[in-house]
$ cat work39.txt   # compact mmCIF, C-alpha atoms
# COMPACT_ATOMS: atom_id res chain seq x y z
CA MET A 1 106.84 30.35 16.97
CA LYS A 2 103.65 29.23 18.59
CA THR A 3 102.07 25.94 17.68
CA CYS A 4 98.78 24.46 18.70
CA THR A 5 99.21 20.99 20.09
CA SER A 6 96.61 18.82 21.70
CA ASP A 7 98.07 19.02 25.19
CA ARG A 8 98.15 22.83 25.07
CA VAL A 9 94.56 23.00 23.90
CA VAL A 10 93.36 20.70 26.67
CA SER A 11 95.36 22.53 29.32
CA HIS A 12 93.86 25.82 28.15
CA ILE A 13 90.25 24.71 28.34
CA SER A 14 90.35 22.20 31.18
CA PRO A 15 91.36 22.99 34.78
CA PRO A 16 92.93 20.27 36.91
CA LYS A 17 90.32 17.66 37.75
CA THR A 18 89.32 17.56 41.40
CA GLY A 19 87.61 14.52 42.88
CA SER A 20 84.14 16.03 42.46
CA GLU A 21 84.82 16.94 38.83
CA ALA A 22 86.00 13.43 38.10
CA LEU A 23 82.73 12.10 39.50
CA VAL A 24 80.75 14.49 37.31
CA MET A 25 82.62 13.25 34.22
CA LEU A 26 81.53 9.70 34.99
CA HIS A 27 77.96 10.59 34.05
CA THR A 28 77.63 9.55 30.41
CA SER A 29 74.76 11.98 29.81
CA CYS A 30 77.22 14.89 29.59
CA GLY A 31 79.17 14.71 26.34
CA ILE A 32 81.81 17.37 27.04
CA GLN A 33 84.62 14.83 27.05
CA LYS A 34 83.61 13.64 23.57
CA CYS A 35 83.43 17.26 22.37
CA THR A 36 86.96 17.91 23.65
CA THR A 37 88.35 14.69 22.18
CA ASP A 38 86.87 15.53 18.78
CA PHE A 39 88.35 19.04 18.91
CA VAL A 40 91.81 17.70 19.74
CA SER A 41 91.51 15.18 16.89
CA LEU A 42 90.65 17.97 14.45
CA THR A 43 93.51 20.25 15.49
CA SER A 44 96.38 17.99 16.56
CA HIS A 45 97.79 17.74 13.03
CA LEU A 46 97.58 21.48 12.27
CA ASN A 47 100.80 23.47 11.89
CA ALA A 48 100.63 27.12 12.96
CA ALA A 49 103.31 28.01 10.38
CA LEU A 50 101.10 27.02 7.45
CA GLU A 51 98.87 29.48 5.67
CA ASP A 52 95.51 27.79 6.28
CA PHE A 53 96.04 27.23 10.01
CA ASP A 54 93.67 29.98 11.23
CA LEU A 55 90.93 28.92 8.79
CA GLU A 56 91.02 25.26 9.89
CA PHE A 57 91.47 26.09 13.57
CA CYS A 58 88.46 28.43 13.53
CA LYS A 59 86.34 25.78 11.82
CA ALA A 60 87.28 23.30 14.54
CA LEU A 61 86.51 25.87 17.26
CA ARG A 62 83.05 26.54 15.83
CA ALA A 63 82.37 22.79 15.70
CA TYR A 64 83.51 22.55 19.32
CA SER A 65 81.17 25.41 20.25
CA VAL A 66 78.21 23.71 18.51
CA CYS A 67 78.98 20.49 20.37
CA THR A 68 79.02 22.24 23.75
CA TYR A 69 75.77 24.04 22.96
CA ARG A 70 74.06 20.72 22.21
CA ASN A 71 75.18 19.49 25.62
CA SER A 72 74.29 22.66 27.53
CA LYS A 73 71.31 21.16 29.35
CA VAL A 74 72.76 17.77 30.31
CA CYS A 75 76.09 19.33 31.29
CA ARG A 76 74.59 22.02 33.51
CA GLY A 77 76.62 22.09 36.71
CA ASN A 78 79.62 20.32 35.17
CA LEU A 79 82.69 22.47 35.91
CA VAL A 80 84.68 20.96 33.04
CA TYR A 81 81.89 21.90 30.63
CA HIS A 82 81.78 25.53 31.82
CA SER A 83 85.57 25.74 31.66
CA ALA A 84 85.45 24.50 28.06
CA VAL A 85 82.85 27.10 27.09
CA LEU A 86 85.02 29.90 28.52
CA GLY A 87 88.12 28.46 26.82
CA ILE A 88 86.39 28.35 23.45
CA GLY A 89 85.46 32.01 23.77
CA ASP A 90 89.02 32.98 24.66
CA LEU A 91 90.49 31.03 21.74
CA MET A 92 88.00 32.47 19.26
CA THR A 93 88.94 35.96 20.39
CA GLN A 94 92.67 35.23 20.16
CA ARG A 95 92.33 33.83 16.63
CA ASN A 96 89.79 36.43 15.45
CA CYS A 97 87.30 33.67 14.63
CA THR A 98 83.74 34.65 13.71
CA LYS A 99 80.90 32.85 15.47
CA ASP A 100 79.15 32.24 12.15
CA GLY A 101 80.91 30.27 9.45
CA PRO A 102 81.84 26.76 8.30
CA THR A 103 82.55 24.09 10.90
CA SER A 104 84.63 20.94 10.94
CA SER A 105 82.86 17.62 11.32
CA THR A 106 84.27 14.55 13.01
CA SER A 107 82.21 12.22 10.82
CA LEU A 108 84.56 10.60 8.29
CA GLU A 109 81.72 10.22 5.82
CA MET A 110 80.87 13.90 6.04
CA THR A 111 84.42 15.26 6.08
CA HIS A 112 86.02 13.22 3.31
CA ASP A 113 87.37 15.75 0.87
CA PRO A 114 89.74 14.39 -1.80
CA CYS A 115 91.29 17.85 -2.13
CA ASN A 116 92.19 18.12 1.55
CA TYR A 117 94.95 15.72 2.51
CA SER A 118 94.02 15.66 6.20
CA GLY A 119 90.74 14.06 5.09
CA HIS A 120 92.26 11.25 3.02
CA THR A 121 91.10 7.78 4.01
CA GLU A 122 94.60 6.42 3.45
CA VAL A 123 95.85 8.45 6.40
CA GLY A 124 94.69 5.50 8.51
CA GLU A 125 92.55 4.94 11.55
CA HIS A 126 93.03 3.63 15.04
CA ARG A 127 91.25 0.45 16.02
CA ARG A 128 88.64 2.53 17.80
CA GLY A 129 87.88 4.43 14.61
CA GLU A 130 89.83 7.59 15.49
CA LYS A 131 91.72 9.22 12.62
CA THR A 132 95.51 9.05 12.89
CA PRO A 133 97.25 12.40 12.24
CA PRO A 134 99.60 12.07 9.25
CA THR A 135 103.37 11.96 9.72
CA TYR A 136 105.22 14.75 7.92
CA LEU A 137 108.82 14.88 6.67
CA PHE A 138 111.13 17.78 5.79
CA CYS A 139 113.80 18.25 3.13
CA GLY A 140 115.90 21.33 2.42
CA LEU A 141 118.66 22.39 0.01
CA PHE A 142 120.76 25.55 0.26
CA GLY A 143 124.24 26.97 -0.20
CA ASP A 144 127.14 25.04 -1.63
CA PRO A 145 124.88 22.86 -1.69
CA HIS A 146 123.92 21.49 1.71
CA LEU A 147 121.15 18.90 1.83
CA ARG A 148 118.91 17.91 4.72
CA THR A 149 117.15 14.70 3.67
CA PHE A 150 113.71 13.42 4.67
CA LYS A 151 115.57 11.14 7.10
CA ASP A 152 117.18 14.17 8.77
CA HIS A 153 120.62 13.30 7.42
CA PHE A 154 122.70 16.40 6.73
CA GLN A 155 125.07 16.20 3.75
CA THR A 156 127.23 18.52 1.66
CA CYS A 157 127.51 17.45 -1.98
CA LYS A 158 128.94 18.38 -5.39
CA VAL A 159 126.02 17.25 -7.63
CA GLU A 160 126.81 19.48 -10.59
CA GLY A 161 124.13 19.57 -13.31
CA ALA A 162 120.50 18.40 -13.06
CA TRP A 163 119.53 16.14 -10.13
CA PRO A 164 116.16 14.89 -8.84
CA LEU A 165 115.38 15.85 -5.25
CA ILE A 166 111.93 14.23 -5.24
CA ASP A 167 110.21 11.95 -7.75
CA ASN A 168 107.12 10.16 -6.46
CA ASN A 169 103.58 9.57 -7.68
CA TYR A 170 102.43 13.05 -6.64
CA LEU A 171 105.37 15.42 -6.98
CA SER A 172 108.67 15.82 -8.83
CA VAL A 173 111.35 18.34 -7.90
CA GLN A 174 114.57 18.76 -9.89
CA VAL A 175 117.44 21.16 -9.24
CA THR A 176 120.26 22.28 -11.54
CA ASN A 177 123.55 23.18 -9.86
CA VAL A 178 126.42 25.09 -11.44
CA PRO A 179 130.03 25.70 -10.35
CA VAL A 180 130.43 28.65 -8.02
CA VAL A 181 134.18 29.17 -8.31
CA PRO A 182 136.08 28.45 -11.56
CA GLY A 183 138.23 25.36 -11.27
CA SER A 184 136.40 24.06 -8.21
CA SER A 185 133.77 21.35 -7.83
CA ALA A 186 131.79 23.51 -5.40
CA THR A 187 128.32 24.20 -6.84
CA ALA A 188 125.10 26.04 -5.98
CA THR A 189 121.54 25.92 -7.30
CA LYS A 190 120.59 28.12 -10.28
CA LYS A 191 117.36 26.42 -11.39
CA ILE A 192 114.48 24.58 -9.68
CA THR A 193 111.65 22.77 -11.47
CA VAL A 194 108.60 21.57 -9.50
CA ILE A 195 105.92 19.37 -11.10
CA PHE A 196 102.63 18.82 -9.26
CA LYS A 197 101.15 15.76 -10.94
CA SER A 198 97.48 15.59 -11.92
CA TYR A 199 95.29 14.34 -9.06
CA GLN A 200 91.56 13.57 -9.35
CA ASP A 201 89.57 16.81 -9.64
CA CYS A 202 91.95 18.70 -7.36
CA THR A 203 94.43 19.83 -9.99
CA ASP A 204 95.68 19.25 -13.50
CA GLN A 205 99.43 18.84 -13.85
CA LYS A 206 101.14 22.09 -12.93
CA VAL A 207 104.76 22.95 -13.60
CA TYR A 208 106.68 25.66 -11.74
CA GLN A 209 110.14 26.78 -12.81
CA ALA A 210 112.48 29.18 -11.04
CA MET A 211 115.86 30.42 -12.24
CA THR A 212 118.33 32.96 -10.96
CA ASP A 213 116.77 36.43 -11.34
CA ASP A 214 113.51 34.84 -12.47
CA LEU A 215 111.40 33.72 -9.49
CA PRO A 216 107.85 34.00 -10.85
CA ALA A 217 104.66 34.03 -8.79
CA ALA A 218 102.89 31.76 -11.29
CA PHE A 219 103.17 28.37 -12.94
CA VAL A 220 104.64 28.13 -16.43
CA ASP A 221 101.12 28.29 -17.92
CA GLY A 222 100.55 31.68 -16.28
CA THR A 223 98.09 30.47 -13.63
CA THR A 224 98.60 30.81 -9.88
CA SER A 225 96.44 27.89 -8.76
CA GLY A 226 95.30 24.41 -9.75
CA GLY A 227 91.85 22.84 -9.83
CA ASP A 228 88.80 24.78 -8.71
CA GLY A 229 89.92 28.28 -7.81
CA ASN A 230 87.49 28.37 -4.90
CA SER A 231 88.92 25.27 -3.23
CA ARG A 232 92.53 26.57 -3.32
CA SER A 233 93.75 22.97 -3.40
CA LEU A 234 96.97 24.22 -5.00
CA HIS A 235 98.16 27.82 -5.12
CA ILE A 236 101.24 30.05 -5.14
CA VAL A 237 101.82 32.89 -2.67
CA GLU A 238 104.41 35.56 -3.43
CA LYS A 239 106.00 36.65 -0.16
CA VAL A 240 108.77 38.91 -1.50
CA SER A 241 108.58 39.94 -5.15
CA GLY A 242 111.20 38.11 -7.18
CA LYS A 243 112.88 36.73 -4.04
CA TYR A 244 110.59 34.40 -2.10
CA ILE A 245 107.52 32.34 -3.01
CA GLU A 246 105.52 29.61 -1.28
CA MET A 247 103.48 26.85 -2.92
CA HIS A 248 100.70 25.23 -0.91
CA ALA A 249 99.31 21.93 -2.21
CA ARG A 250 96.43 21.24 0.18
CA TYR A 251 95.34 18.10 -1.66
CA ILE A 252 98.65 16.38 -0.83
CA GLY A 253 99.40 18.22 2.43
CA THR A 254 102.58 19.67 0.96
CA THR A 255 104.27 23.05 1.32
CA VAL A 256 107.23 24.27 -0.76
CA TYR A 257 109.37 27.36 -0.09
CA ILE A 258 111.73 28.73 -2.78
CA ARG A 259 114.00 31.72 -2.22
CA GLN A 260 116.68 33.58 -4.14
CA LEU A 261 119.58 34.88 -2.07
CA GLY A 262 122.37 36.50 -4.03
CA HIS A 263 122.78 34.62 -7.31
CA TYR A 264 121.47 31.26 -6.10
CA LEU A 265 118.28 29.51 -5.02
CA THR A 266 117.25 27.62 -1.89
CA LEU A 267 114.40 25.15 -1.41
CA ALA A 268 112.51 23.73 1.58
CA ILE A 269 109.63 21.25 1.49
CA ARG A 270 107.27 19.60 3.96
CA MET A 271 105.38 16.51 2.74
CA PRO A 272 103.46 13.57 4.29
CA GLN A 273 105.59 10.47 4.76
CA GLU A 274 103.22 8.09 3.00
CA LEU A 275 103.25 10.27 -0.13
CA VAL A 276 107.04 10.69 -0.01
CA MET A 277 107.38 6.90 -0.09
CA ALA A 278 104.85 6.40 -2.93
CA TYR A 279 107.29 5.77 -5.77
CA GLU A 280 108.42 2.94 -8.04
CA GLU A 281 111.72 1.11 -7.79
CA SER A 282 112.95 2.90 -10.90
CA GLN A 283 112.52 6.25 -9.11
CA ASP A 284 115.03 5.55 -6.33
CA LEU A 285 117.45 8.34 -7.34
CA GLN A 286 115.98 11.04 -5.11
CA LEU A 287 118.39 13.15 -3.09
CA CYS A 288 115.74 14.08 -0.52
CA VAL A 289 114.95 10.40 0.09
CA ASN A 290 118.28 8.59 -0.22
CA GLY A 291 120.81 11.41 -0.05
CA CYS A 292 123.67 12.08 -2.45
CA PRO A 293 125.63 9.22 -4.04
CA SER A 294 128.84 8.56 -2.12
CA SER A 295 130.91 9.74 -5.08
CA GLU A 296 129.19 13.14 -4.83
CA ARG A 297 129.67 13.64 -1.09
CA ILE A 298 131.98 16.37 0.21
CA ASP A 299 131.45 15.73 3.91
CA HIS A 300 132.82 12.57 5.47
CA SER A 301 130.21 10.92 7.70
CA GLY A 302 129.20 14.25 9.16
CA HIS A 303 132.66 15.83 9.15
CA LEU A 304 132.91 18.91 6.94
CA PRO A 305 136.48 19.68 5.73
CA LEU A 306 137.33 23.35 5.63
CA PRO A 307 139.01 24.76 2.51
CA VAL A 308 141.98 27.09 2.85
CA VAL A 309 143.42 29.68 0.46
CA GLY A 310 145.85 28.07 -1.96
CA LYS A 311 145.20 24.54 -0.69
CA LEU A 312 143.14 22.16 -2.84
CA LEU A 313 141.19 19.47 -1.04
CA PRO A 314 140.66 15.99 -2.58
CA TRP A 315 137.22 16.92 -3.88
CA GLY A 316 138.63 19.99 -5.65
CA ALA A 317 137.58 22.97 -3.54
CA ALA A 318 139.82 25.68 -2.18
CA ALA A 319 139.07 28.89 -0.36
CA HIS A 320 138.33 31.73 -2.76
CA PRO A 321 141.62 33.61 -3.23
CA LEU A 322 139.89 36.99 -3.51
CA SER A 323 137.47 36.58 -0.62
CA GLY A 324 139.81 37.67 2.13
CA TYR A 325 137.99 35.36 4.56
CA THR A 326 139.93 33.48 7.17
CA LEU A 327 138.42 30.92 9.50
CA GLU A 328 138.13 33.62 12.13
CA THR A 329 136.56 36.31 9.92
CA ALA A 330 134.15 33.79 8.35
CA THR A 331 133.10 32.67 11.82
CA THR A 332 132.50 36.28 12.86
CA LYS A 333 130.47 36.98 9.72
CA CYS A 334 128.22 33.94 10.20
CA HIS A 335 127.82 34.75 13.88
CA GLU A 336 126.15 38.04 12.92
CA LYS A 337 123.02 36.15 11.83
CA MET A 338 123.30 32.83 13.66
CA LEU A 339 124.12 32.83 17.35
CA VAL A 340 124.03 29.05 17.79
CA LYS A 341 126.92 27.03 16.35
CA ASP A 342 124.83 24.33 14.73
CA ILE A 343 124.84 22.62 11.34
CA TYR A 344 123.61 25.77 9.60
CA PHE A 345 126.28 27.92 11.22
CA TYR A 346 129.08 25.56 10.17
CA SER A 347 127.66 25.35 6.64
CA CYS A 348 127.80 29.14 6.49
CA VAL A 349 131.47 29.16 7.49
CA PHE A 350 132.25 26.46 4.92
CA ASP A 351 130.50 28.39 2.14
CA LEU A 352 132.24 31.68 2.93
CA LEU A 353 135.65 30.03 2.84
CA THR A 354 134.80 28.13 -0.33
CA THR A 355 133.19 30.93 -2.35
CA GLY A 356 133.90 34.28 -0.70
CA ASP A 357 130.25 35.18 -1.36
CA ALA A 358 128.66 36.83 1.69
CA ASN A 359 125.17 36.04 0.33
CA PHE A 360 125.70 32.47 1.51
CA THR A 361 125.39 33.78 5.06
CA ALA A 362 121.82 34.90 4.32
CA ALA A 363 121.14 31.59 2.58
CA ALA A 364 122.13 29.59 5.67
CA HIS A 365 120.09 31.86 7.92
CA SER A 366 117.00 31.59 5.69
CA ALA A 367 117.40 27.81 5.50
CA LEU A 368 117.37 27.73 9.30
CA GLN A 369 114.19 29.83 9.35
CA ASP A 370 112.56 27.46 6.86
CA VAL A 371 113.37 24.37 8.89
CA GLU A 372 112.00 26.08 12.01
CA ALA A 373 108.76 26.82 10.15
CA LEU A 374 108.27 23.50 8.34
CA HIS A 375 110.07 20.75 10.24
CA PRO A 376 107.45 18.59 12.02
CA SER A 377 109.64 17.87 15.07
CA LYS A 378 110.76 21.11 16.68
CA ASP A 379 112.88 19.27 19.26
CA VAL A 380 114.75 17.33 16.57
CA TYR A 381 115.52 19.74 13.77
CA LEU A 382 118.78 20.99 15.28
CA SER A 383 119.89 17.80 17.00
CA ASN A 384 121.58 16.26 13.96
CA CYS A 385 124.93 18.05 14.12
CA VAL A 386 127.82 18.21 11.72
CA THR A 387 131.38 18.89 12.79
CA LEU A 388 134.20 20.68 11.06
CA GLU A 389 137.29 18.66 10.43
CA ILE A 390 140.79 20.08 10.59
CA LEU A 391 142.74 18.69 7.69
CA SER A 392 146.47 18.95 7.28
CA ALA A 393 145.82 22.04 5.17
CA LEU A 394 144.70 23.85 8.31
CA SER A 395 148.00 23.43 10.09
CA SER A 396 148.53 27.19 9.90
CA VAL A 397 145.55 27.74 12.19
CA SER A 398 146.46 27.63 15.86
CA ASN A 399 144.96 24.67 17.68
CA SER A 400 144.07 26.78 20.69
CA TRP A 401 142.04 29.25 18.63
CA PHE A 402 140.29 26.49 16.68
CA ASN A 403 139.29 24.72 19.90
CA THR A 404 137.50 27.88 20.99
CA PHE A 405 135.72 27.95 17.63
CA LEU A 406 134.38 24.42 18.16
$ encode --input "work39.txt" --output "structure tokens"
Amino acid sequence: MKTCTSDRVVSHISPPKTGSEALVMLHTSCGIQKCTTDFVSLTSHLNAALEDFDLEFCKALRAYSVCTYRNSKVCRGNLVYHSAVLGIGDLMTQRNCTKDGPTSSTSLEMTHDPCNYSGHTEVGEHRRGEKTPPTYLFCGLFGDPHLRTFKDHFQTCKVEGAWPLIDNNYLSVQVTNVPVVPGSSATATKKITVIFKSYQDCTDQKVYQAMTDDLPAAFVDGTTSGGDGNSRSLHIVEKVSGKYIEMHARYIGTTVYIRQLGHYLTLAIRMPQELVMAYEESQDLQLCVNGCPSSERIDHSGHLPLPVVGKLLPWGAAAHPLSGYTLETATTKCHEKMLVKDIYFYSCVFDLLTTGDANFTAAAHSALQDVEALHPSKDVYLSNCVTLEILSALSSVSNSWFNTFL
């Protein structure tokens, strides 16, 4: 997946600076450096995985082009300037940007838009007056169920019934989990309720509810957007009918993915850190923020015990007697979709042994795709590993084979 980061943009439009070019840049009459800095500021927080990336990137490119045009006379003969002009043209072609259209502005007074989170004044500013890109966090829930918190802690929990994932001043998300296998405490998600709270003129309160076999492409009131329909400050996009929807809340910089795989639901969310932490003391029970209560944890400090047919673990889960999965066959099945043995791979193996439901393989794979698309730190999202723990119940598995598995 390609992303547009400030260093890549600069490297694309600016050749290495020779001594003569450095001298040219010392002349304050040429404003190309300011044009480039403003462009980087406008694009550094953009995420290529999000729906409005091309729109915002093209607006920034057009603003960059206008800035270079205004400096065309004073920058004549400046190699960095001419390189920037060529780079702008290349990028506009690559992104299919039109030359005519709206532009971004670097003036905070002119760009403040209460329905565009990247323009919020509370995002903060550097001492020199430059806008600080917001910090984003990721949370995901899938499978039996496995939780990745906003702190990048990976947990496997029981949490049967209704539980709040998120409950802050802007957004509430609640999931309802039901037992997967009779007689076991293993659960999976059958219902998700998302409440976007009323915010200025951007949106009235909007409630979205998904249940197994009922994944609508609209809010409960029948609408597909909030606020002014032209601003698209909040809207739903149906990606796969009845199976996969996305909700984009531009006014709070938040994206939500909900999928149905087999009989159960998965959820992934990306939200600004300062909004995640905007909640009262009474709202501290949030699984995405603080994780599962210790009494609801199945894993043990990152170690995930594997269930075995006929053997009941302390938390009440055993391998599904009708599944026919062994550790080896479950590993092979999960390896069909996930080549890397990471936290999502091991969660897949755990779920197959616990439930015997092959749809959990697709759930783990989709959860991995969601974290790749939404997690703000691409170099971190797979670094928090979980290990599989051999309990006494696994004594029938040869140690030599299991070592090759790990």
$ closest_residue --input "work39.txt" --among "A:Gly77, A:Gly227, A:Pro114, A:Gly291" --to "A:Ile166" --atoms "all atoms listed in the file"
A:Gly291
$ residues_around --input "work39.txt" --residues "stretch 200-215 of chain A" --least-positions-apart "2" --cutoff "8 Å" --atoms "all atoms listed in the file" --output "PyMOL selection string"
chain A and resi 114-115+190-198+217-221+226-228+233-234+242-245+251+259-260+263-265
$ atom_distance --input "work39.txt" --atom1 "atom CA of A:Ile298" --atom2 "atom CA of A:Phe350"
11.1 Å
$ residues_around --input "work39.txt" --residues "A:Thr156" --least-positions-apart "5" --cutoff "7 Å" --atoms "only C-alpha atoms" --output "PDB file with C-alpha atoms, in the frame of the given file"
ATOM      1  CA  PRO A 145     124.880  22.860  -1.690  1.00  0.00           C
ATOM      2  CA  HIS A 146     123.920  21.490   1.710  1.00  0.00           C
ATOM      3  CA  LEU A 147     121.150  18.900   1.830  1.00  0.00           C
ATOM      4  CA  ARG A 297     129.670  13.640  -1.090  1.00  0.00           C
ATOM      5  CA  ILE A 298     131.980  16.370   0.210  1.00  0.00           C
ATOM      6  CA  ASP A 299     131.450  15.730   3.910  1.00  0.00           C
TER       7      ASP A 299
END
$ closest_residue --input "work39.txt" --among "A:His300, A:Ser118, A:Gly31, A:Leu61" --to "A:Val80" --atoms "all atoms listed in the file"
A:Gly31
$ decode --input "work39.txt" --residues "stretch 43-63 of chain A" --atoms "C-alpha atoms" --output "JSON list (two decimals), in the first residue's frame"
[["chain", "number", "residue", "atom", "x", "y", "z"],
["A", 43, "THR", "CA", -0.27, 16.50, 3.14],
["A", 44, "SER", "CA", 1.81, 14.96, 5.94],
["A", 45, "HIS", "CA", -1.25, 13.87, 7.92],
["A", 46, "LEU", "CA", -3.10, 12.35, 4.94],
["A", 47, "ASN", "CA", -3.60, 8.58, 4.80],
["A", 48, "ALA", "CA", -3.70, 7.05, 1.31],
["A", 49, "ALA", "CA", -6.02, 4.29, 2.58],
["A", 50, "LEU", "CA", -8.81, 6.74, 3.41],
["A", 51, "GLU", "CA", -11.54, 7.62, 0.96],
["A", 52, "ASP", "CA", -10.93, 11.37, 0.71],
["A", 53, "PHE", "CA", -7.16, 11.11, 0.18],
["A", 54, "ASP", "CA", -7.16, 11.95, -3.55],
["A", 55, "LEU", "CA", -9.53, 14.90, -3.05],
["A", 56, "GLU", "CA", -7.40, 16.48, -0.32],
["A", 57, "PHE", "CA", -4.10, 15.66, -2.02],
["A", 58, "CYS", "CA", -5.25, 17.26, -5.28],
["A", 59, "LYS", "CA", -6.38, 20.38, -3.42],
["A", 60, "ALA", "CA", -2.94, 20.64, -1.83],
["A", 61, "LEU", "CA", -1.24, 20.12, -5.20],
["A", 62, "ARG", "CA", -3.28, 22.90, -6.80],
["A", 63, "ALA", "CA", -2.39, 25.23, -3.92]]
